file entry-v4.txt (compact mmCIF, C-alpha atoms)
# COMPACT_ATOMS: atom_id res chain seq x y z
CA MET A 612 34.18 -48.05 32.71
CA ILE A 613 33.32 -49.53 29.34
CA LYS A 614 29.66 -48.66 29.84
CA PHE A 615 30.59 -45.07 30.68
CA HIS A 616 32.64 -44.68 27.48
CA SER A 617 29.81 -46.12 25.37
CA TRP A 618 27.27 -43.83 26.98
CA TYR A 619 29.54 -40.81 26.56
CA LYS A 620 30.17 -41.58 22.91
CA ILE A 621 26.44 -41.80 22.17
CA MET A 622 25.67 -38.60 24.06
CA LYS A 623 28.56 -36.76 22.38
CA GLN A 624 27.25 -37.64 18.93
CA PHE A 625 23.70 -36.68 19.87
CA ILE A 626 24.77 -33.28 21.26
CA LEU A 627 27.01 -32.58 18.27
CA ILE A 628 24.23 -33.33 15.77
CA SER A 629 21.77 -31.17 17.74
CA ILE A 630 24.17 -28.22 17.76
CA LEU A 631 24.88 -28.55 14.04
CA LEU A 632 21.20 -28.63 13.15
CA THR A 633 20.50 -25.60 15.34
CA LEU A 634 23.33 -23.58 13.81
CA LEU A 635 22.47 -24.50 10.23
CA THR A 636 18.79 -23.68 10.77
CA ALA A 637 19.69 -20.30 12.24
CA CYS A 638 21.97 -19.51 9.30
CA SER A 639 19.36 -20.40 6.66
CA SER A 640 16.37 -18.66 8.24
CA LYS A 641 17.51 -15.04 8.06
CA PRO A 642 14.85 -12.95 6.33
CA THR A 643 15.96 -11.09 3.20
CA VAL A 644 12.77 -9.27 2.18
CA ASN A 645 12.77 -5.55 2.93
CA ILE A 646 9.59 -3.54 2.24
CA ASP A 647 8.78 0.12 2.81
CA PHE A 648 5.87 2.22 1.60
CA ASN A 649 4.06 5.50 2.12
CA PRO A 650 1.17 4.74 4.50
CA GLU A 651 -0.73 7.80 3.27
CA THR A 652 -1.03 6.36 -0.24
CA ASN A 653 -4.37 4.91 -1.32
CA PHE A 654 -3.18 1.92 -3.37
CA LYS A 655 -6.76 0.94 -4.23
CA LYS A 656 -6.98 3.66 -6.85
CA PHE A 657 -4.08 2.33 -8.95
CA THR A 658 -5.04 0.20 -11.94
CA SER A 659 -2.11 0.61 -14.35
CA TYR A 660 1.67 0.70 -14.35
CA GLN A 661 4.63 1.35 -16.64
CA TYR A 662 8.41 0.97 -16.43
CA SER A 663 10.75 3.90 -16.14
CA PRO A 664 12.86 4.28 -19.32
CA GLU A 665 15.89 5.37 -17.28
CA ALA A 666 18.74 2.99 -18.10
CA ASP A 667 21.32 1.62 -15.68
CA LYS A 668 24.58 3.44 -16.46
CA SER A 669 26.87 1.18 -14.39
CA LEU A 670 29.65 -0.85 -16.02
CA ASP A 671 28.04 -4.19 -15.14
CA ALA A 672 24.57 -3.19 -16.38
CA ASN A 673 22.65 -6.11 -17.84
CA PRO A 674 19.46 -5.21 -19.77
CA ILE A 675 18.64 -8.91 -20.19
CA MET A 676 18.48 -9.34 -16.41
CA ILE A 677 16.36 -6.20 -16.10
CA ASN A 678 13.96 -7.60 -18.70
CA ARG A 679 13.85 -10.92 -16.83
CA ILE A 680 12.86 -9.12 -13.63
CA GLN A 681 10.23 -7.05 -15.45
CA ILE A 682 8.66 -10.19 -16.94
CA ALA A 683 8.39 -11.67 -13.43
CA ILE A 684 6.79 -8.43 -12.20
CA ASP A 685 4.30 -8.48 -15.10
CA HIS A 686 3.15 -11.99 -14.13
CA VAL A 687 2.58 -11.01 -10.51
CA LEU A 688 0.86 -7.68 -11.17
CA ALA A 689 -1.43 -9.25 -13.79
CA THR A 690 -2.83 -11.50 -11.04
CA LYS A 691 -3.52 -8.38 -8.97
CA GLY A 692 -5.56 -6.71 -11.73
CA LEU A 693 -3.02 -4.09 -12.85
CA THR A 694 -2.60 -3.32 -16.54
CA LYS A 695 0.75 -2.60 -18.15
CA HIS A 696 1.11 0.58 -20.28
CA ASP A 697 3.94 1.78 -22.50
CA PHE A 698 5.81 4.71 -21.02
CA VAL A 699 5.00 8.11 -22.52
CA ASP A 700 5.48 10.35 -19.53
CA LYS A 701 4.98 10.10 -15.76
CA HIS A 702 1.23 10.54 -16.23
CA SER A 703 0.71 7.80 -18.83
CA ALA A 704 0.09 5.20 -16.11
CA ASP A 705 -0.92 5.32 -12.46
CA LEU A 706 2.39 3.84 -11.30
CA THR A 707 5.92 3.98 -12.66
CA ILE A 708 8.25 1.13 -11.74
CA ARG A 709 12.03 1.30 -11.66
CA VAL A 710 13.97 -1.97 -11.43
CA SER A 711 17.59 -2.49 -10.45
CA PHE A 712 19.79 -5.31 -9.22
CA ALA A 713 23.27 -5.87 -7.81
CA LYS A 714 25.49 -8.92 -7.53
CA LYS A 715 28.25 -9.72 -5.07
CA GLU A 716 30.35 -12.77 -4.35
CA LYS A 717 29.95 -14.63 -1.08
CA GLN A 718 33.03 -16.68 -0.24
CA ASN A 719 31.99 -19.61 1.96
CA ASN A 720 35.43 -20.63 3.14
CA SER A 721 34.74 -20.55 6.85
CA SER A 722 34.32 -23.29 9.40
CA PHE A 723 33.27 -23.49 13.01
CA SER A 724 34.63 -25.55 15.89
CA ILE A 725 32.74 -27.37 18.57
CA GLY A 726 34.44 -28.59 21.74
CA LEU A 727 32.83 -31.02 24.15
CA GLY A 728 34.38 -32.29 27.36
CA THR A 729 33.77 -33.72 30.81
CA SER A 730 35.80 -34.57 33.89
CA ARG A 731 35.36 -36.75 36.98
CA MET A 732 37.06 -36.76 40.32
CA GLY A 733 36.76 -39.64 42.75
CA GLY A 734 38.90 -40.35 45.74
CA ASN A 735 42.47 -39.48 44.85
CA SER A 736 42.02 -40.07 41.13
CA ARG A 737 41.08 -37.60 38.43
CA SER A 738 40.19 -38.27 34.78
CA SER A 739 38.96 -36.13 31.88
CA ILE A 740 37.61 -36.79 28.43
CA GLY A 741 37.25 -34.18 25.69
CA VAL A 742 36.69 -33.85 21.98
CA ASN A 743 37.09 -30.93 19.57
CA THR A 744 35.91 -30.92 15.99
CA SER A 745 35.97 -28.39 13.17
CA VAL A 746 33.07 -28.49 10.73
CA PRO A 747 33.84 -26.95 7.31
CA ILE A 748 31.22 -24.96 5.43
CA ASN A 749 31.02 -25.18 1.63
CA SER A 750 34.16 -23.48 0.33
CA GLU A 751 32.80 -22.68 -3.13
CA ALA A 752 31.87 -19.07 -3.83
CA ASP A 753 28.18 -18.27 -4.27
CA ILE A 754 26.75 -15.18 -5.95
CA ILE A 755 24.21 -13.11 -4.03
CA THR A 756 21.83 -11.26 -6.35
CA LYS A 757 19.80 -8.44 -4.82
CA ILE A 758 16.70 -7.28 -6.69
CA VAL A 759 15.30 -3.81 -5.96
CA ILE A 760 11.88 -2.55 -7.07
CA ASP A 761 10.88 1.11 -6.63
CA ILE A 762 7.34 2.25 -7.41
CA SER A 763 6.12 5.83 -7.65
CA ASP A 764 3.01 7.65 -8.76
CA ALA A 765 3.15 10.87 -10.76
CA ASN A 766 4.21 12.87 -7.72
CA GLN A 767 6.29 10.78 -5.33
CA ALA A 768 7.73 7.40 -4.36
CA VAL A 769 5.03 5.19 -2.83
CA TRP A 770 6.63 1.72 -2.45
CA HIS A 771 10.11 0.22 -2.17
CA GLY A 772 11.14 -3.41 -1.89
CA SER A 773 14.29 -5.50 -2.07
CA ASP A 774 15.07 -9.19 -1.76
CA SER A 775 18.03 -11.46 -2.55
CA TYR A 776 18.80 -14.97 -3.68
CA GLU A 777 21.99 -17.01 -3.65
CA ALA A 778 23.22 -19.28 -6.42
CA ASP A 779 26.41 -20.74 -7.80
CA LYS A 780 28.40 -18.93 -10.43
CA GLU A 781 27.52 -21.66 -12.93
CA ILE A 782 23.75 -21.52 -12.43
CA ALA A 783 21.75 -22.61 -15.49
CA LEU A 784 19.53 -20.14 -17.35
CA GLU A 785 16.33 -21.93 -16.34
CA GLN A 786 17.40 -21.86 -12.69
CA THR A 787 18.11 -18.13 -12.96
CA ASN A 788 14.60 -17.56 -14.36
CA GLN A 789 13.10 -19.57 -11.51
CA ALA A 790 15.16 -17.75 -8.86
CA VAL A 791 14.19 -14.33 -10.22
CA SER A 792 10.53 -15.31 -10.43
CA ALA A 793 10.50 -16.65 -6.87
CA THR A 794 12.27 -13.55 -5.54
CA VAL A 795 9.90 -11.14 -7.27
CA SER A 796 6.89 -13.18 -6.09
CA ARG A 797 8.11 -12.87 -2.48
CA LEU A 798 8.66 -9.16 -2.91
CA LEU A 799 5.20 -8.47 -4.33
CA ALA A 800 3.31 -11.06 -2.29
CA ASN A 801 1.70 -8.37 -0.14
CA PHE A 802 1.42 -5.67 -2.78
CA PRO A 803 -0.58 -3.52 -2.53
CA PRO A 804 0.23 -3.14 1.18
CA GLU A 805 -2.52 -4.49 3.39
CA LYS A 806 -2.54 -1.58 5.83
CA ALA A 807 -2.73 0.93 3.01
CA THR A 808 -5.59 -0.86 1.22
CA THR A 809 -7.73 -0.68 4.36
CA GLN A 810 -7.52 3.12 4.40
CA LYS A 811 -10.50 5.11 3.14
call {"tool": "encode", "arguments": {"input": "entry-v4.txt", "output": "structure tokens"}}
result
Amino acid sequence: MIKFHSWYKIMKQFILISILLTLLTACSSKPTVNIDFNPETNFKKFTSYQYSPEADKSLDANPIMINRIQIAIDHVLATKGLTKHDFVDKHSADLTIRVSFAKKEKQNNSSFSIGLGTSRMGGNSRSSIGVNTSVPINSEADIITKIVIDISDANQAVWHGSDSYEADKEIALEQTNQAVSATVSRLLANFPPEKATTQK
């Protein structure tokens, strides 16, 4: 009987750890990058870009954040051979880029329960063993920041992308810069679109 309890305790811990790792991996691996583009566009012909002068009119508009995103875009597009121009009109560069972002609070105050149990019957006797545990998830609120990049040529929209990152409310300035840079790099990693660049 003692051996059975020892074996059960070891197996219970092993199963619990396996379930936790599986659940946590599933929660953290959801993709956030969303890309769409016009497959008829020949992206090979574009060599320059500019930013749309249209300002965000919302109450929580933050021009410093917009500038931070644009700087990250500049770094990525420079490595792809595109030149930045000052905006004059929609024809003053091959591409016009519009940047926006949105923030929302994610309250992580949930938890999940795991119940494990077994029973045995032998002769006229019956016994059962069970365990139930509740595993809390971080209860502090995180901020989800979604970055959206829209690119158009002189005539129409040709590319759209969005991606998000999560951080605490008290994130340091340097960490914000790094998060924005990493998010923009993911967004533009396959720009110009591979399928479009193979078109003739």
call {"tool": "residues_around", "arguments": {"input": "entry-v4.txt", "residues": "His696 of chain A", "least_positions_apart": "3", "cutoff": "9 Å", "atoms": "all atoms listed in the file", "output": "number ranges by chain"}}
result
A: 659-662, 699, 703-704
call {"tool": "write_last_selection", "arguments": {"input": "entry-v4.txt", "atoms": "C-alpha atoms", "output": "mmCIF file, in the coordinates of the input"}}
result
data_model
loop_
_atom_site.group_PDB
_atom_site.id
_atom_site.type_symbol
_atom_site.label_atom_id
_atom_site.label_comp_id
_atom_site.auth_asym_id
_atom_site.auth_seq_id
_atom_site.Cartn_x
_atom_site.Cartn_y
_atom_site.Cartn_z
ATOM 1 C CA SER A 659 -2.110 0.610 -14.350
ATOM 2 C CA TYR A 660 1.670 0.700 -14.350
ATOM 3 C CA GLN A 661 4.630 1.350 -16.640
ATOM 4 C CA TYR A 662 8.410 0.970 -16.430
ATOM 5 C CA VAL A 699 5.000 8.110 -22.520
ATOM 6 C CA SER A 703 0.710 7.800 -18.830
ATOM 7 C CA ALA A 704 0.090 5.200 -16.110
#
call {"tool": "residues_around", "arguments": {"input": "entry-v4.txt", "residues": "segment 779-796 of chain A", "least_positions_apart": "2", "cutoff": "9 Å", "atoms": "all atoms listed in the file", "output": "PyMOL selection string"}}
result
chain A and resi 644+679-680+682-684+686-687+716+751-755+758+760+773-777+798-800
call {"tool": "atom_distance", "arguments": {"input": "entry-v4.txt", "atom1": "atom CA of Gly692 of chain A", "atom2": "atom CA of Thr756 of chain A"}}
result
28.3 Å
call {"tool": "atom_distance", "arguments": {"input": "entry-v4.txt", "atom1": "atom CA of Ala778 of chain A", "atom2": "atom CA of Val710 of chain A"}}
result
20.3 Å
call {"tool": "atom_distance", "arguments": {"input": "entry-v4.txt", "atom1": "atom CA of Ala713 of chain A", "atom2": "atom CA of Phe802 of chain A"}}
result
22.4 Å
call {"tool": "closest_residue", "arguments": {"input": "entry-v4.txt", "among": "A:Lys757, A:Lys656, A:Lys691, A:Lys701", "to": "Asn801 of chain A", "atoms": "all atoms listed in the file"}}
result
A:Lys691
call {"tool": "closest_residue", "arguments": {"input": "entry-v4.txt", "among": "A:Leu688, A:Thr658, A:Phe698, A:Gly772", "to": "Phe712 of chain A", "atoms": "all atoms listed in the file"}}
result
A:Gly772
